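Below you'll find the structure, written out as structure tokens, and then a few comments.
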Amino acid sequence: MSQRALQDYGERTIRIMAKMPYARFLGMKIKIESGQLMTCLPAQEKLTGNPNLPALHGGVIGSFLELTALSEWLFRTGEQDLPRTTSFSVDYLRSGRMQDTFGRAVIIRQGRRISNIQATIWQSNADKPVAVARCNLLSPAFS
Amino acid sequence: MFDGEIRQLPPFAVVLGMEYVREEGSKLWVRLRISEHILQDTQASCVHGGAITATLDNACGWCIRTHSQYENGTSMATLDLRVDFIRPAVPELDIMVMAECYAIQQNMAYVKAVAYQTSMHDPVAKSLATFMLDTLGTTRMIE
């Protein structure tokens, strides 16, 4: 893909996600660097699950993984319409601390109807993921 | 029986719009109130899957406390959570989640849950989750 198309797709993805009410509510940000998309979820008190630790809510972790997978799909396909998540599976590997969290996703297979995506999120150390997820997205043409 | 502890909503659950509804045996119901910030897009066509995942995760964790083998105060952490999104949730109706802990074995709790709007028999999403119990190693489970 040309550098130009990649830049257009990146800007379009950022625009679409910036308008999404739920992504705005969580405060998710997107950055594109050297042709790679990375998501960021800045720490905020409202994202707390267990106030005693304090830790991020498991639902925040799940949502951030799903939004990371969705952003990668938009970035790679250049689509304007949103796909529909058909199944989503998350493995929690470490407690998510109240810190900034980062995410990346990889499209394992992009079919005509279904795209299979893997997403990973981490905090201070990219080699120590907080959680990973697998996500099947149904193309908007079929949903 | 679980008054107080169980109704203590995590901060994220409060801002998302979750409410404890009731419990019956090892089943527990949680409601997610519809608000602008849980929507998928600005056209308000459906509720974002991440908000449903978050409610499922919360309800799954809570319902473990209703299980007869759960010892009050035992710490827990979600190990994995799988969600099948069956159909989009319309923004006109609140989302109900019914979660049931169907087994506790060797400090692992097994939970299933369903999210629906009109009837439990017409689900929006179904999920399966496992939780590790006694992650802080402070209590003993009744075997």
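Starting from 1 in every chain, residues are counted up; chains themselves are A, B, ... following the order of the structure tokens, and ligands are numbered from 1 as listed.
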Counting only C-alpha atoms, what are the residues of chain B within 10 Å of chain A, and for each of them which pair of atoms is the nearest and at what distance in Å, to one decimal? Sort the table by chain and rising number, as CSV.
residue,atom,partner,partner_atom,distance
B:Leu9,CA,A:Gly49,CA,8.6
B:Pro10,CA,A:Gly49,CA,5.0
B:Pro11,CA,A:Thr48,CA,5.6
B:Phe12,CA,A:Leu47,CA,4.9
B:Ala13,CA,A:Gly49,CA,7.6
B:Val14,CA,A:Lys46,CA,8.6
B:Val15,CA,A:Lys46,CA,6.8
B:Leu16,CA,A:Phe25,CA,9.1
B:Ser35,CA,A:Pro21,CA,9.9
B:Glu36,CA,A:Pro21,CA,6.9
B:His37,CA,A:Pro21,CA,5.0
B:Ile38,CA,A:Tyr22,CA,4.8
B:Leu39,CA,A:Pro21,CA,5.6
B:Gln40,CA,A:Met20,CA,5.9
B:Asp41,CA,A:Met20,CA,5.0
B:Thr42,CA,A:Met20,CA,6.6
B:Gln43,CA,A:Met20,CA,9.8
B:Ala44,CA,A:Pro21,CA,9.2
B:Val47,CA,A:Tyr22,CA,8.7
B:His48,CA,A:Tyr22,CA,6.6
B:Gly49,CA,A:Thr85,CA,7.4
B:Gly50,CA,A:Ser63,CA,4.3
B:Ala51,CA,A:Ser63,CA,7.0
B:Ile52,CA,A:Gly59,CA,8.5
B:Thr53,CA,A:Gly59,CA,6.0
B:Ala54,CA,A:Gly59,CA,3.5
B:Thr55,CA,A:Gly59,CA,7.0
B:Leu56,CA,A:Gly59,CA,8.0
B:Asp57,CA,A:Gly59,CA,5.9
B:Asn58,CA,A:Gly59,CA,7.2
B:Gly61,CA,A:Gly58,CA,9.8
B:Ala77,CA,A:Ser95,CA,8.3
B:Thr78,CA,A:Tyr92,CA,6.5
B:Leu79,CA,A:Tyr92,CA,5.2
B:Asp80,CA,A:Asp91,CA,4.5
B:Leu81,CA,A:Val90,CA,5.3
B:Arg82,CA,A:Ser89,CA,4.1
B:Val83,CA,A:Phe88,CA,5.2
B:Asp84,CA,A:Ser87,CA,4.4
B:Phe85,CA,A:Thr86,CA,4.9
B:Ile86,CA,A:Thr86,CA,6.7
B:Arg87,CA,A:Thr86,CA,8.4
B:Pro88,CA,A:Arg84,CA,8.2
B:Ala125,CA,A:Ser87,CA,9.2
B:Lys126,CA,A:Ser87,CA,9.6
B:Ser127,CA,A:Ser89,CA,9.2
B:Leu128,CA,A:Ser89,CA,9.4
B:Ala129,CA,A:Val90,CA,9.4
B:Thr130,CA,A:Asp91,CA,9.8
B:Phe131,CA,A:Tyr92,CA,9.9
All residues 9 Å or closer to Leu74 of chain A, only C-alpha atoms, same chain fewer than 2 positions away omitted, as a short mmCIF file (atom, residue, chain, number, x, y, z; two decimals) with all heavy atoms, in the first residue's frame:
data_model
loop_
_atom_site.label_atom_id
_atom_site.label_comp_id
_atom_site.auth_asym_id
_atom_site.auth_seq_id
_atom_site.Cartn_x
_atom_site.Cartn_y
_atom_site.Cartn_z
N TYR A 9 -5.83 6.53 5.28
CA TYR A 9 -6.55 5.55 6.10
C TYR A 9 -6.35 5.86 7.58
O TYR A 9 -7.27 5.75 8.39
CB TYR A 9 -6.05 4.13 5.80
CG TYR A 9 -6.55 3.55 4.49
CD1 TYR A 9 -7.21 4.34 3.55
CD2 TYR A 9 -6.36 2.20 4.20
CE1 TYR A 9 -7.64 3.81 2.35
CE2 TYR A 9 -6.81 1.65 3.01
CZ TYR A 9 -7.44 2.47 2.08
OH TYR A 9 -7.88 1.92 0.92
N GLY A 10 -5.14 6.25 7.94
CA GLY A 10 -4.83 6.57 9.33
C GLY A 10 -5.64 7.76 9.81
O GLY A 10 -6.26 7.71 10.88
N ARG A 12 -8.40 8.87 8.54
CA ARG A 12 -9.82 8.49 8.54
C ARG A 12 -10.16 7.70 9.81
O ARG A 12 -11.18 7.95 10.46
CB ARG A 12 -10.10 7.64 7.30
CG ARG A 12 -11.56 7.35 7.08
CD ARG A 12 -11.75 6.50 5.86
NE ARG A 12 -11.38 7.20 4.63
CZ ARG A 12 -11.30 6.60 3.43
NH1 ARG A 12 -11.52 5.31 3.32
NH2 ARG A 12 -10.99 7.29 2.36
N THR A 13 -9.28 6.78 10.17
CA THR A 13 -9.50 5.96 11.38
C THR A 13 -9.57 6.86 12.62
O THR A 13 -10.47 6.71 13.45
CB THR A 13 -8.35 4.93 11.54
OG1 THR A 13 -8.30 4.13 10.37
CG2 THR A 13 -8.56 4.05 12.76
N ILE A 16 -12.90 8.70 12.61
CA ILE A 16 -14.05 7.85 12.95
C ILE A 16 -14.07 7.55 14.45
O ILE A 16 -15.09 7.67 15.12
CB ILE A 16 -14.04 6.53 12.13
CG1 ILE A 16 -14.23 6.83 10.64
CG2 ILE A 16 -15.10 5.55 12.64
CD1 ILE A 16 -14.01 5.64 9.72
N ALA A 69 -8.70 -3.46 18.34
CA ALA A 69 -8.91 -4.36 17.18
C ALA A 69 -9.70 -3.63 16.09
O ALA A 69 -9.36 -3.70 14.90
CB ALA A 69 -9.64 -5.62 17.63
N LEU A 70 -10.72 -2.92 16.50
CA LEU A 70 -11.57 -2.19 15.56
C LEU A 70 -10.78 -1.09 14.83
O LEU A 70 -10.90 -0.93 13.60
CB LEU A 70 -12.73 -1.57 16.36
CG LEU A 70 -13.78 -0.76 15.61
CD1 LEU A 70 -14.47 -1.62 14.57
CD2 LEU A 70 -14.81 -0.21 16.59
N SER A 71 -9.93 -0.37 15.57
CA SER A 71 -9.11 0.69 14.98
C SER A 71 -8.16 0.11 13.93
O SER A 71 -7.99 0.68 12.85
CB SER A 71 -8.29 1.41 16.05
OG SER A 71 -9.13 1.89 17.06
N GLU A 72 -7.55 -1.02 14.27
CA GLU A 72 -6.62 -1.65 13.33
C GLU A 72 -7.36 -2.07 12.06
O GLU A 72 -6.87 -1.89 10.95
CB GLU A 72 -5.95 -2.87 14.00
CG GLU A 72 -4.96 -3.63 13.12
CD GLU A 72 -3.67 -2.86 12.83
OE1 GLU A 72 -3.37 -1.88 13.54
OE2 GLU A 72 -2.97 -3.23 11.86
N ARG A 76 -6.48 -0.69 8.34
CA ARG A 76 -6.00 -1.57 7.26
C ARG A 76 -6.96 -1.67 6.09
O ARG A 76 -6.55 -1.92 4.97
CB ARG A 76 -5.70 -2.98 7.80
CG ARG A 76 -4.58 -3.03 8.82
CD ARG A 76 -3.24 -2.61 8.26
NE ARG A 76 -2.26 -2.41 9.34
CZ ARG A 76 -1.08 -1.84 9.16
NH1 ARG A 76 -0.70 -1.41 7.97
NH2 ARG A 76 -0.26 -1.70 10.18
N THR A 77 -8.27 -1.52 6.35
CA THR A 77 -9.24 -1.67 5.26
C THR A 77 -9.58 -0.33 4.61
O THR A 77 -9.99 -0.30 3.45
CB THR A 77 -10.56 -2.29 5.75
OG1 THR A 77 -11.14 -1.41 6.73
CG2 THR A 77 -10.36 -3.67 6.36
N GLY A 78 -9.45 0.76 5.36
CA GLY A 78 -9.83 2.06 4.83
C GLY A 78 -11.34 2.25 4.76
O GLY A 78 -11.83 3.21 4.17
N GLU A 79 -12.08 1.33 5.37
CA GLU A 79 -13.56 1.41 5.36
C GLU A 79 -14.04 2.63 6.16
O GLU A 79 -13.38 3.06 7.11
CB GLU A 79 -14.13 0.15 6.01
CG GLU A 79 -14.05 -1.09 5.14
CD GLU A 79 -15.34 -1.33 4.36
OE1 GLU A 79 -16.22 -0.46 4.37
OE2 GLU A 79 -15.42 -2.39 3.72
N GLN A 80 -15.21 3.12 5.79
CA GLN A 80 -15.82 4.24 6.53
C GLN A 80 -16.88 3.72 7.50
O GLN A 80 -17.21 4.38 8.48
CB GLN A 80 -16.52 5.21 5.58
CG GLN A 80 -15.71 5.50 4.35
CD GLN A 80 -15.46 6.97 4.21
OE1 GLN A 80 -15.51 7.72 5.19
NE2 GLN A 80 -15.21 7.41 3.00
N ASP A 81 -17.48 2.58 7.14
CA ASP A 81 -18.54 2.02 7.97
C ASP A 81 -17.95 1.03 8.97
O ASP A 81 -16.96 0.37 8.68
CB ASP A 81 -19.59 1.32 7.10
CG ASP A 81 -20.28 2.31 6.17
OD1 ASP A 81 -20.49 3.46 6.59
OD2 ASP A 81 -20.57 1.94 5.02
N LEU A 82 -18.61 0.94 10.12
CA LEU A 82 -18.10 0.07 11.18
C LEU A 82 -18.53 -1.38 10.96
O LEU A 82 -19.66 -1.65 10.56
CB LEU A 82 -18.62 0.55 12.54
CG LEU A 82 -18.14 1.93 12.97
CD1 LEU A 82 -18.92 2.40 14.19
CD2 LEU A 82 -16.65 1.90 13.28
N PRO A 83 -17.63 -2.32 11.24
CA PRO A 83 -18.01 -3.73 11.18
C PRO A 83 -18.77 -4.09 12.45
O PRO A 83 -18.85 -3.29 13.38
CB PRO A 83 -16.66 -4.43 11.14
CG PRO A 83 -15.77 -3.54 11.93
CD PRO A 83 -16.25 -2.13 11.69
#
Q. If you run DSSP on the backbone, which residues of chain B are alpha helix (DSSP H), as a ChimeraX atom specification?
A. /B:11-16,49-64
In Å and to one decimal, atom CA of Tyr70 of chain B is distant from atom CA of Leu28 of chain B by 14.4 Å
- Query: Distance atom CA of Arg33 of chain B-atom CA of Val90 of chain B, one decimal place?
  - Reply: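 Result for atom CA of Arg33 of chain B versus atom CA of Val90 of chain B: 12.0 Å, one decimal.
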message = Among chain B, which ones does DSSP assign to strand (DSSP E or B) (computed from the backbone)? Answer as number ranges by chain.
response = B: 18-24, 27-32, 39, 47, 76-85, 95-105, 108-116, 123-133
Export, as a short mmCIF file (atom, residue, chain, number, x, y, z; two decimals), in the first residue's frame, the selected residues with C-alpha atoms.
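File selection.cif, as written:
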data_model
loop_
_atom_site.label_atom_id
_atom_site.label_comp_id
_atom_site.auth_asym_id
_atom_site.auth_seq_id
_atom_site.Cartn_x
_atom_site.Cartn_y
_atom_site.Cartn_z
CA MET B 18 -24.78 -0.21 35.86
CA GLU B 19 -27.26 -1.02 38.60
CA TYR B 20 -27.62 -4.07 40.82
CA VAL B 21 -31.11 -5.49 40.27
CA ARG B 22 -31.62 -8.70 42.21
CA GLU B 23 -30.43 -12.22 42.86
CA GLU B 24 -32.15 -15.57 42.97
CA LYS B 27 -28.24 -16.13 39.56
CA LEU B 28 -27.78 -12.39 39.64
CA TRP B 29 -29.23 -9.59 37.52
CA VAL B 30 -27.58 -6.30 36.60
CA ARG B 31 -29.06 -3.49 34.52
CA LEU B 32 -27.12 -1.18 32.19
CA LEU B 39 -23.34 4.27 21.98
CA VAL B 47 -25.01 0.24 21.94
CA MET B 76 -10.98 -12.87 42.76
CA ALA B 77 -9.65 -12.00 39.33
CA THR B 78 -11.09 -12.62 35.87
CA LEU B 79 -8.95 -15.14 33.98
CA ASP B 80 -10.84 -15.17 30.72
CA LEU B 81 -14.08 -13.97 29.23
CA ARG B 82 -15.64 -14.89 25.91
CA VAL B 83 -18.58 -12.99 24.47
CA ASP B 84 -20.73 -13.94 21.48
CA PHE B 85 -22.57 -10.93 20.15
CA ILE B 95 -29.75 -3.90 28.85
CA MET B 96 -30.27 -6.62 31.42
CA VAL B 97 -27.56 -9.12 32.26
CA MET B 98 -28.24 -12.37 34.08
CA ALA B 99 -25.10 -14.13 35.33
CA GLU B 100 -24.86 -17.52 37.00
CA CYS B 101 -21.91 -19.15 38.70
CA TYR B 102 -22.48 -22.82 37.88
CA ALA B 103 -19.37 -24.30 39.49
CA ILE B 104 -16.56 -23.59 41.92
CA GLN B 105 -13.70 -26.10 41.88
CA MET B 108 -11.68 -21.56 40.04
CA ALA B 109 -15.17 -20.19 39.47
CA TYR B 110 -17.06 -20.92 36.25
CA VAL B 111 -19.70 -18.45 35.14
CA LYS B 112 -22.15 -18.06 32.28
CA ALA B 113 -24.12 -14.94 31.47
CA VAL B 114 -26.66 -13.60 29.03
CA ALA B 115 -27.38 -9.99 28.01
CA TYR B 116 -30.86 -9.15 26.72
CA PRO B 123 -30.33 -12.52 23.75
CA VAL B 124 -28.13 -9.67 22.58
CA ALA B 125 -25.01 -11.50 23.78
CA LYS B 126 -23.97 -14.62 25.65
CA SER B 127 -20.76 -15.14 27.54
CA LEU B 128 -18.65 -17.64 29.44
CA ALA B 129 -16.01 -16.63 31.96
CA THR B 130 -13.61 -18.18 34.45
CA PHE B 131 -12.31 -16.49 37.56
CA MET B 132 -9.40 -17.29 39.84
CA LEU B 133 -10.36 -17.11 43.48
#
